[in-house]
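Text of query.pdb, listed as PDB, C-alpha atoms:
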```
ATOM      1  CA  MET A   1      58.596 120.944  30.475  1.00  0.00           C
ATOM      2  CA  ASP A   2      59.252 120.653  34.210  1.00  0.00           C
ATOM      3  CA  TRP A   3      62.237 120.928  36.523  1.00  0.00           C
ATOM      4  CA  PRO A   4      64.301 117.712  36.722  1.00  0.00           C
ATOM      5  CA  ASN A   5      64.357 115.436  39.746  1.00  0.00           C
ATOM      6  CA  VAL A   6      67.543 116.610  41.492  1.00  0.00           C
ATOM      7  CA  GLN A   7      68.382 117.067  45.159  1.00  0.00           C
ATOM      8  CA  LEU A   8      66.984 120.174  46.891  1.00  0.00           C
ATOM      9  CA  PRO A   9      69.259 123.234  46.936  1.00  0.00           C
ATOM     10  CA  SER A  10      71.276 123.904  50.077  1.00  0.00           C
ATOM     11  CA  SER A  11      70.796 127.675  49.639  1.00  0.00           C
ATOM     12  CA  LEU A  12      68.005 129.785  48.164  1.00  0.00           C
ATOM     13  CA  GLU A  13      68.148 133.565  47.709  1.00  0.00           C
ATOM     14  CA  GLU A  14      65.128 135.475  46.434  1.00  0.00           C
ATOM     15  CA  THR A  15      64.795 138.837  44.679  1.00  0.00           C
ATOM     16  CA  THR A  16      61.720 140.839  43.696  1.00  0.00           C
ATOM     17  CA  GLU A  17      61.688 143.245  40.749  1.00  0.00           C
ATOM     18  CA  ASP A  18      60.933 146.896  41.282  1.00  0.00           C
ATOM     19  CA  PRO A  19      58.724 147.897  38.315  1.00  0.00           C
ATOM     20  CA  ALA A  20      58.874 151.639  39.061  1.00  0.00           C
ATOM     21  CA  ILE A  21      60.160 154.253  36.617  1.00  0.00           C
ATOM     22  CA  ARG A  22      61.559 157.276  38.425  1.00  0.00           C
ATOM     23  CA  SER A  23      61.974 160.778  36.988  1.00  0.00           C
ATOM     24  CA  GLU A  24      63.659 163.497  38.984  1.00  0.00           C
ATOM     25  CA  ALA A  25      62.588 167.107  38.354  1.00  0.00           C
ATOM     26  CA  GLU A  26      64.916 170.112  38.644  1.00  0.00           C
ATOM     27  CA  SER A  27      63.115 171.039  41.875  1.00  0.00           C
ATOM     28  CA  GLY A  28      64.294 167.755  43.403  1.00  0.00           C
ATOM     29  CA  ALA A  29      60.856 166.180  43.330  1.00  0.00           C
ATOM     30  CA  VAL A  30      60.721 162.600  42.143  1.00  0.00           C
ATOM     31  CA  LYS A  31      57.829 161.314  40.071  1.00  0.00           C
ATOM     32  CA  THR A  32      57.197 157.610  39.769  1.00  0.00           C
ATOM     33  CA  ARG A  33      54.937 155.322  37.811  1.00  0.00           C
ATOM     34  CA  PRO A  34      54.836 151.594  37.225  1.00  0.00           C
ATOM     35  CA  ARG A  35      56.631 150.372  34.098  1.00  0.00           C
ATOM     36  CA  TYR A  36      54.451 147.264  34.047  1.00  0.00           C
ATOM     37  CA  THR A  37      51.744 145.762  36.216  1.00  0.00           C
ATOM     38  CA  ARG A  38      53.357 142.463  37.227  1.00  0.00           C
ATOM     39  CA  ILE A  39      56.133 142.150  39.767  1.00  0.00           C
ATOM     40  CA  ARG A  40      58.309 139.150  38.977  1.00  0.00           C
ATOM     41  CA  ARG A  41      60.389 137.178  41.425  1.00  0.00           C
ATOM     42  CA  GLY A  42      63.815 135.676  40.910  1.00  0.00           C
ATOM     43  CA  TRP A  43      65.775 133.006  42.760  1.00  0.00           C
ATOM     44  CA  GLN A  44      69.431 132.098  43.049  1.00  0.00           C
ATOM     45  CA  LEU A  45      69.795 128.429  43.933  1.00  0.00           C
ATOM     46  CA  GLY A  46      72.960 126.891  45.298  1.00  0.00           C
ATOM     47  CA  TRP A  47      74.113 123.376  46.035  1.00  0.00           C
ATOM     48  CA  ALA A  48      77.145 122.442  48.111  1.00  0.00           C
ATOM     49  CA  ASN A  49      78.506 119.084  46.958  1.00  0.00           C
ATOM     50  CA  MET A  50      75.746 118.172  44.495  1.00  0.00           C
ATOM     51  CA  ARG A  51      76.083 114.572  43.355  1.00  0.00           C
ATOM     52  CA  GLY A  52      77.595 114.208  39.904  1.00  0.00           C
ATOM     53  CA  ALA A  53      74.560 112.390  38.500  1.00  0.00           C
ATOM     54  CA  ASP A  54      72.282 115.270  39.575  1.00  0.00           C
ATOM     55  CA  TYR A  55      74.707 117.819  38.128  1.00  0.00           C
ATOM     56  CA  ARG A  56      74.736 116.040  34.772  1.00  0.00           C
ATOM     57  CA  ARG A  57      70.912 115.799  34.844  1.00  0.00           C
ATOM     58  CA  LEU A  58      70.696 119.550  35.581  1.00  0.00           C
ATOM     59  CA  ARG A  59      73.111 120.437  32.767  1.00  0.00           C
ATOM     60  CA  ALA A  60      71.131 118.270  30.317  1.00  0.00           C
ATOM     61  CA  PHE A  61      67.935 120.056  31.406  1.00  0.00           C
ATOM     62  CA  PHE A  62      69.618 123.453  30.828  1.00  0.00           C
ATOM     63  CA  GLU A  63      70.432 122.347  27.286  1.00  0.00           C
ATOM     64  CA  GLN A  64      66.874 121.037  26.769  1.00  0.00           C
ATOM     65  CA  ALA A  65      65.520 124.451  27.888  1.00  0.00           C
ATOM     66  CA  ARG A  66      67.905 126.055  25.375  1.00  0.00           C
ATOM     67  CA  GLY A  67      69.473 128.052  28.197  1.00  0.00           C
ATOM     68  CA  GLY A  68      67.132 130.902  29.014  1.00  0.00           C
ATOM     69  CA  ALA A  69      65.004 130.534  25.865  1.00  0.00           C
ATOM     70  CA  LEU A  70      62.227 128.208  27.085  1.00  0.00           C
ATOM     71  CA  ALA A  71      60.033 128.504  30.177  1.00  0.00           C
ATOM     72  CA  PHE A  72      59.433 125.557  32.495  1.00  0.00           C
ATOM     73  CA  GLY A  73      57.675 124.682  35.730  1.00  0.00           C
ATOM     74  CA  TRP A  74      59.780 124.896  38.928  1.00  0.00           C
ATOM     75  CA  ARG A  75      58.414 123.966  42.360  1.00  0.00           C
ATOM     76  CA  HIS A  76      59.621 126.339  45.072  1.00  0.00           C
ATOM     77  CA  PRO A  77      61.152 124.042  47.716  1.00  0.00           C
ATOM     78  CA  ARG A  78      59.877 126.072  50.716  1.00  0.00           C
ATOM     79  CA  GLU A  79      56.496 127.351  49.448  1.00  0.00           C
ATOM     80  CA  ASN A  80      55.568 124.185  47.506  1.00  0.00           C
ATOM     81  CA  VAL A  81      54.161 126.368  44.687  1.00  0.00           C
ATOM     82  CA  VAL A  82      54.969 125.829  41.002  1.00  0.00           C
ATOM     83  CA  PHE A  83      56.247 128.929  39.177  1.00  0.00           C
ATOM     84  CA  GLN A  84      56.802 129.331  35.433  1.00  0.00           C
ATOM     85  CA  VAL A  85      60.448 130.393  35.142  1.00  0.00           C
ATOM     86  CA  ARG A  86      63.420 130.638  32.788  1.00  0.00           C
ATOM     87  CA  PHE A  87      67.139 130.378  33.406  1.00  0.00           C
ATOM     88  CA  GLU A  88      68.419 133.924  33.904  1.00  0.00           C
ATOM     89  CA  ALA A  89      72.089 132.977  33.428  1.00  0.00           C
ATOM     90  CA  PRO A  90      74.199 129.891  32.715  1.00  0.00           C
ATOM     91  CA  ILE A  91      74.683 127.227  35.385  1.00  0.00           C
ATOM     92  CA  THR A  92      77.967 127.545  37.264  1.00  0.00           C
ATOM     93  CA  GLY A  93      79.564 124.361  38.540  1.00  0.00           C
ATOM     94  CA  ARG A  94      82.830 123.855  40.403  1.00  0.00           C
ATOM     95  CA  HIS A  95      84.136 120.335  40.972  1.00  0.00           C
ATOM     96  CA  THR A  96      84.871 119.675  44.655  1.00  0.00           C
ATOM     97  CA  VAL A  97      85.614 116.115  45.793  1.00  0.00           C
ATOM     98  CA  MET A  98      85.063 112.733  44.215  1.00  0.00           C
ATOM     99  CA  ASP A  99      82.007 113.132  41.944  1.00  0.00           C
ATOM    100  CA  CYS A 100      80.524 116.232  43.643  1.00  0.00           C
ATOM    101  CA  TRP A 101      80.010 119.798  42.481  1.00  0.00           C
ATOM    102  CA  ASN A 102      79.271 123.209  44.003  1.00  0.00           C
ATOM    103  CA  VAL A 103      76.538 124.573  41.731  1.00  0.00           C
ATOM    104  CA  THR A 104      74.732 127.908  41.406  1.00  0.00           C
ATOM    105  CA  LEU A 105      72.049 129.058  38.995  1.00  0.00           C
ATOM    106  CA  THR A 106      69.520 131.867  38.698  1.00  0.00           C
ATOM    107  CA  LEU A 107      65.851 131.531  37.755  1.00  0.00           C
ATOM    108  CA  LYS A 108      63.452 134.343  36.826  1.00  0.00           C
ATOM    109  CA  GLN A 109      59.656 134.211  36.850  1.00  0.00           C
ATOM    110  CA  VAL A 110      58.111 134.695  33.397  1.00  0.00           C
TER
END
```

Represent the structure from my file as structure tokens, please.
Amino acid sequence: MDWPNVQLPSSLEETTEDPAIRSEAESGAVKTRPRYTRIRRGWQLGWANMRGADYRRLRAFFEQARGGALAFGWRHPRENVVFQVRFEAPITGRHTVMDCWNVTLTLKQV
């Protein structure tokens, strides 16, 4: 399953997981170790005035992916690399003018 053909996001915010576990000793020293070996990335995508047809296509894709249950291929619009991701949270859409929507969603690398 791959990302649907919708317009590119107007905003893209990226996060990177910190896999470290930290333990503080009574002396004030902090010990750390990795919780896991992979560091996953996450992205918050936003669209200002997304066309209604694209919004409906995106919502249908969210339902096809069973929300955050199924992984899918998403091409990063700046890096042109395909990542395997899941929806991290529901899609948020706010109707603006005519048949346009302000939309945000969050993806997380699997």

Practice problem: Take the PyMOL selection byres ((chain A and resi 85-88) around 8), apply it to the structure above, and return the hits as a VMD selection string. | Solution: chain A and resid 62 67 to 74 83 to 84 89 to 90 105 to 110

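Each of A:Ala53, A:Val97, A:Leu45, A:Ile91 was checked against Asn5 in chain A using only C-alpha atoms; the smallest atom-to-atom distance is that of A:Ala53.
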
Exercise. Kindly give the distance, in Å, that separates CA of Asp2 in chain A and CA of Thr92 in chain A, rounded to a single decimal.
Key: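 For CA of Asp2 in chain A relative to CA of Thr92 in chain A, the distance reads 20.2 Å.
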
Quiz item: Which is closest to Ser11 in chain A among A:Pro77, A:Gly42, A:Gly28, A:Gly93, if we use all atoms listed in the file?
Solution: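 For Ser11 in chain A, the nearest of the given residues is A:Pro77.
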
Exercise. Can you pull out every residue within 7 Å of Trp47 in chain A, counting all atoms listed in the file, but drop anything in the same chain fewer than 4 positions away, and send it as a PyMOL selection string?
Key: chain A and resi 9-11+102-104

Requested write-out: C-alpha atoms of the selected residues, as a compact mmCIF listing (two decimals), in the frame of the given file:
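Output below, filename part17.txt:
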```txt
# COMPACT_ATOMS: atom_id res chain seq x y z
CA PRO A 9 69.26 123.23 46.94
CA SER A 10 71.28 123.90 50.08
CA SER A 11 70.80 127.68 49.64
CA ASN A 102 79.27 123.21 44.00
CA VAL A 103 76.54 124.57 41.73
CA THR A 104 74.73 127.91 41.41
```

Quiz item: Looking at all atoms listed in the file, which of A:Asp99, A:Asp54, A:Glu24, A:Glu14 is the one that sits closest to Arg78 in chain A?
Solution: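 Result for the nearest residue to Arg78 in chain A: A:Glu14.
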
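Here CA of Val6 in chain A and CA of Tyr55 in chain A stand 8.0 Å from one another.
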
Quiz item: Quick one, how far is CA of Arg75 in chain A from CA of Arg57 in chain A?
Solution: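 Straight-line distance from CA of Arg75 in chain A to CA of Arg57 in chain A works out to 16.7 Å.
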
Limit the output to C-alpha atoms and give chain A as a PDB file, in the first residue's frame.
```
ATOM      1  CA  MET A   1       0.000   0.000   0.000  1.00  0.00           C
ATOM      2  CA  ASP A   2       1.373   3.416  -0.954  1.00  0.00           C
ATOM      3  CA  TRP A   3       0.574   7.033  -0.173  1.00  0.00           C
ATOM      4  CA  PRO A   4      -2.254   8.459  -2.321  1.00  0.00           C
ATOM      5  CA  ASN A   5      -1.721  10.981  -5.093  1.00  0.00           C
ATOM      6  CA  VAL A   6      -2.559  14.241  -3.291  1.00  0.00           C
ATOM      7  CA  GLN A   7      -1.016  17.697  -3.492  1.00  0.00           C
ATOM      8  CA  LEU A   8       2.306  18.229  -1.679  1.00  0.00           C
ATOM      9  CA  PRO A   9       2.073  19.545   1.892  1.00  0.00           C
ATOM     10  CA  SER A  10       2.587  23.261   2.454  1.00  0.00           C
ATOM     11  CA  SER A  11       4.400  22.560   5.750  1.00  0.00           C
ATOM     12  CA  LEU A  12       6.578  19.694   6.960  1.00  0.00           C
ATOM     13  CA  GLU A  13       7.938  19.345  10.502  1.00  0.00           C
ATOM     14  CA  GLU A  14      10.297  16.511  11.397  1.00  0.00           C
ATOM     15  CA  THR A  15      11.122  14.836  14.714  1.00  0.00           C
ATOM     16  CA  THR A  16      13.717  12.204  15.597  1.00  0.00           C
ATOM     17  CA  GLU A  17      13.265   9.756  18.474  1.00  0.00           C
ATOM     18  CA  ASP A  18      15.736   9.683  21.316  1.00  0.00           C
ATOM     19  CA  PRO A  19      16.206   5.968  22.129  1.00  0.00           C
ATOM     20  CA  ALA A  20      18.180   6.597  25.337  1.00  0.00           C
ATOM     21  CA  ILE A  21      17.140   5.325  28.766  1.00  0.00           C
ATOM     22  CA  ARG A  22      18.454   7.558  31.533  1.00  0.00           C
ATOM     23  CA  SER A  23      18.974   6.576  35.175  1.00  0.00           C
ATOM     24  CA  GLU A  24      20.044   9.134  37.730  1.00  0.00           C
ATOM     25  CA  ALA A  25      22.108   7.934  40.710  1.00  0.00           C
ATOM     26  CA  GLU A  26      21.943   9.481  44.190  1.00  0.00           C
ATOM     27  CA  SER A  27      25.364  11.029  43.530  1.00  0.00           C
ATOM     28  CA  GLY A  28      23.844  13.014  40.656  1.00  0.00           C
ATOM     29  CA  ALA A  29      25.568  10.969  37.981  1.00  0.00           C
ATOM     30  CA  VAL A  30      23.423   9.989  35.035  1.00  0.00           C
ATOM     31  CA  LYS A  31      23.827   6.639  33.326  1.00  0.00           C
ATOM     32  CA  THR A  32      22.452   6.087  29.860  1.00  0.00           C
ATOM     33  CA  ARG A  33      22.009   3.215  27.464  1.00  0.00           C
ATOM     34  CA  PRO A  34      20.091   2.745  24.247  1.00  0.00           C
ATOM     35  CA  ARG A  35      16.596   1.283  24.616  1.00  0.00           C
ATOM     36  CA  TYR A  36      16.735   0.018  21.039  1.00  0.00           C
ATOM     37  CA  THR A  37      19.151   0.217  18.138  1.00  0.00           C
ATOM     38  CA  ARG A  38      17.040   2.036  15.544  1.00  0.00           C
ATOM     39  CA  ILE A  39      16.246   5.726  15.664  1.00  0.00           C
ATOM     40  CA  ARG A  40      12.912   6.411  14.000  1.00  0.00           C
ATOM     41  CA  ARG A  41      11.822   9.647  12.403  1.00  0.00           C
ATOM     42  CA  GLY A  42       8.409  11.261  12.475  1.00  0.00           C
ATOM     43  CA  TRP A  43       6.775  13.954  10.360  1.00  0.00           C
ATOM     44  CA  GLN A  44       3.890  16.345  10.846  1.00  0.00           C
ATOM     45  CA  LEU A  45       2.441  17.336   7.485  1.00  0.00           C
ATOM     46  CA  GLY A  46       0.195  20.323   6.954  1.00  0.00           C
ATOM     47  CA  TRP A  47      -1.829  21.655   4.063  1.00  0.00           C
ATOM     48  CA  ALA A  48      -3.332  25.129   3.842  1.00  0.00           C
ATOM     49  CA  ASN A  49      -6.434  25.049   1.645  1.00  0.00           C
ATOM     50  CA  MET A  50      -6.164  21.452   0.418  1.00  0.00           C
ATOM     51  CA  ARG A  51      -8.632  20.787  -2.382  1.00  0.00           C
ATOM     52  CA  GLY A  52     -11.708  18.882  -1.272  1.00  0.00           C
ATOM     53  CA  ALA A  53     -11.089  15.998  -3.678  1.00  0.00           C
ATOM     54  CA  ASP A  54      -7.584  15.486  -2.231  1.00  0.00           C
ATOM     55  CA  TYR A  55      -8.944  15.689   1.316  1.00  0.00           C
ATOM     56  CA  ARG A  56     -11.542  13.017   0.584  1.00  0.00           C
ATOM     57  CA  ARG A  57      -8.863  10.840  -1.081  1.00  0.00           C
ATOM     58  CA  LEU A  58      -6.627  11.247   2.001  1.00  0.00           C
ATOM     59  CA  ARG A  59      -9.452  10.366   4.405  1.00  0.00           C
ATOM     60  CA  ALA A  60     -10.301   7.258   2.346  1.00  0.00           C
ATOM     61  CA  PHE A  61      -6.622   6.238   2.469  1.00  0.00           C
ATOM     62  CA  PHE A  62      -6.607   6.698   6.276  1.00  0.00           C
ATOM     63  CA  GLU A  63      -9.565   4.322   6.485  1.00  0.00           C
ATOM     64  CA  GLN A  64      -7.870   1.843   4.115  1.00  0.00           C
ATOM     65  CA  ALA A  65      -4.765   1.898   6.373  1.00  0.00           C
ATOM     66  CA  ARG A  66      -7.087   1.230   9.329  1.00  0.00           C
ATOM     67  CA  GLY A  67      -5.821   4.402  10.989  1.00  0.00           C
ATOM     68  CA  GLY A  68      -2.421   3.644  12.450  1.00  0.00           C
ATOM     69  CA  ALA A  69      -2.722  -0.148  12.118  1.00  0.00           C
ATOM     70  CA  LEU A  70      -1.129  -0.745   8.695  1.00  0.00           C
ATOM     71  CA  ALA A  71       2.218   0.471   7.359  1.00  0.00           C
ATOM     72  CA  PHE A  72       2.546   2.048   3.921  1.00  0.00           C
ATOM     73  CA  GLY A  73       5.128   3.655   1.668  1.00  0.00           C
ATOM     74  CA  TRP A  74       5.402   7.476   1.842  1.00  0.00           C
ATOM     75  CA  ARG A  75       7.781   9.474  -0.363  1.00  0.00           C
ATOM     76  CA  HIS A  76       9.417  12.338   1.524  1.00  0.00           C
ATOM     77  CA  PRO A  77       8.679  15.417  -0.618  1.00  0.00           C
ATOM     78  CA  ARG A  78      12.098  17.067  -0.039  1.00  0.00           C
ATOM     79  CA  GLU A  79      14.435  14.037   0.156  1.00  0.00           C
ATOM     80  CA  ASN A  80      12.647  11.974  -2.528  1.00  0.00           C
ATOM     81  CA  VAL A  81      13.152   8.828  -0.397  1.00  0.00           C
ATOM     82  CA  VAL A  82      10.379   6.324   0.351  1.00  0.00           C
ATOM     83  CA  PHE A  83       9.892   5.540   4.057  1.00  0.00           C
ATOM     84  CA  GLN A  84       7.694   2.824   5.565  1.00  0.00           C
ATOM     85  CA  VAL A  85       5.397   4.706   7.952  1.00  0.00           C
ATOM     86  CA  ARG A  86       2.125   4.534   9.875  1.00  0.00           C
ATOM     87  CA  PHE A  87      -0.339   7.217  10.880  1.00  0.00           C
ATOM     88  CA  GLU A  88       0.603   8.309  14.398  1.00  0.00           C
ATOM     89  CA  ALA A  89      -2.714  10.089  15.047  1.00  0.00           C
ATOM     90  CA  PRO A  90      -6.000  10.799  13.262  1.00  0.00           C
ATOM     91  CA  ILE A  91      -6.136  13.292  10.393  1.00  0.00           C
ATOM     92  CA  THR A  92      -7.360  16.732  11.434  1.00  0.00           C
ATOM     93  CA  GLY A  93      -9.269  18.756   8.869  1.00  0.00           C
ATOM     94  CA  ARG A  94     -10.860  22.187   9.171  1.00  0.00           C
ATOM     95  CA  HIS A  95     -13.085  23.473   6.376  1.00  0.00           C
ATOM     96  CA  THR A  96     -11.963  26.900   5.135  1.00  0.00           C
ATOM     97  CA  VAL A  97     -13.499  28.318   1.950  1.00  0.00           C
ATOM     98  CA  MET A  98     -15.462  26.774  -0.878  1.00  0.00           C
ATOM     99  CA  ASP A  99     -14.287  23.137  -1.094  1.00  0.00           C
ATOM    100  CA  CYS A 100     -10.924  23.593   0.689  1.00  0.00           C
ATOM    101  CA  TRP A 101      -9.562  22.289   3.972  1.00  0.00           C
ATOM    102  CA  ASN A 102      -6.688  23.031   6.356  1.00  0.00           C
ATOM    103  CA  VAL A 103      -5.310  19.566   7.122  1.00  0.00           C
ATOM    104  CA  THR A 104      -2.680  18.188   9.504  1.00  0.00           C
ATOM    105  CA  LEU A 105      -1.508  14.644  10.134  1.00  0.00           C
ATOM    106  CA  THR A 106       1.420  12.874  11.769  1.00  0.00           C
ATOM    107  CA  LEU A 107       3.408   9.968  10.332  1.00  0.00           C
ATOM    108  CA  LYS A 108       5.909   7.761  12.177  1.00  0.00           C
ATOM    109  CA  GLN A 109       8.591   5.561  10.632  1.00  0.00           C
ATOM    110  CA  VAL A 110       8.093   1.849  11.355  1.00  0.00           C
TER     111      VAL A 110
END
```
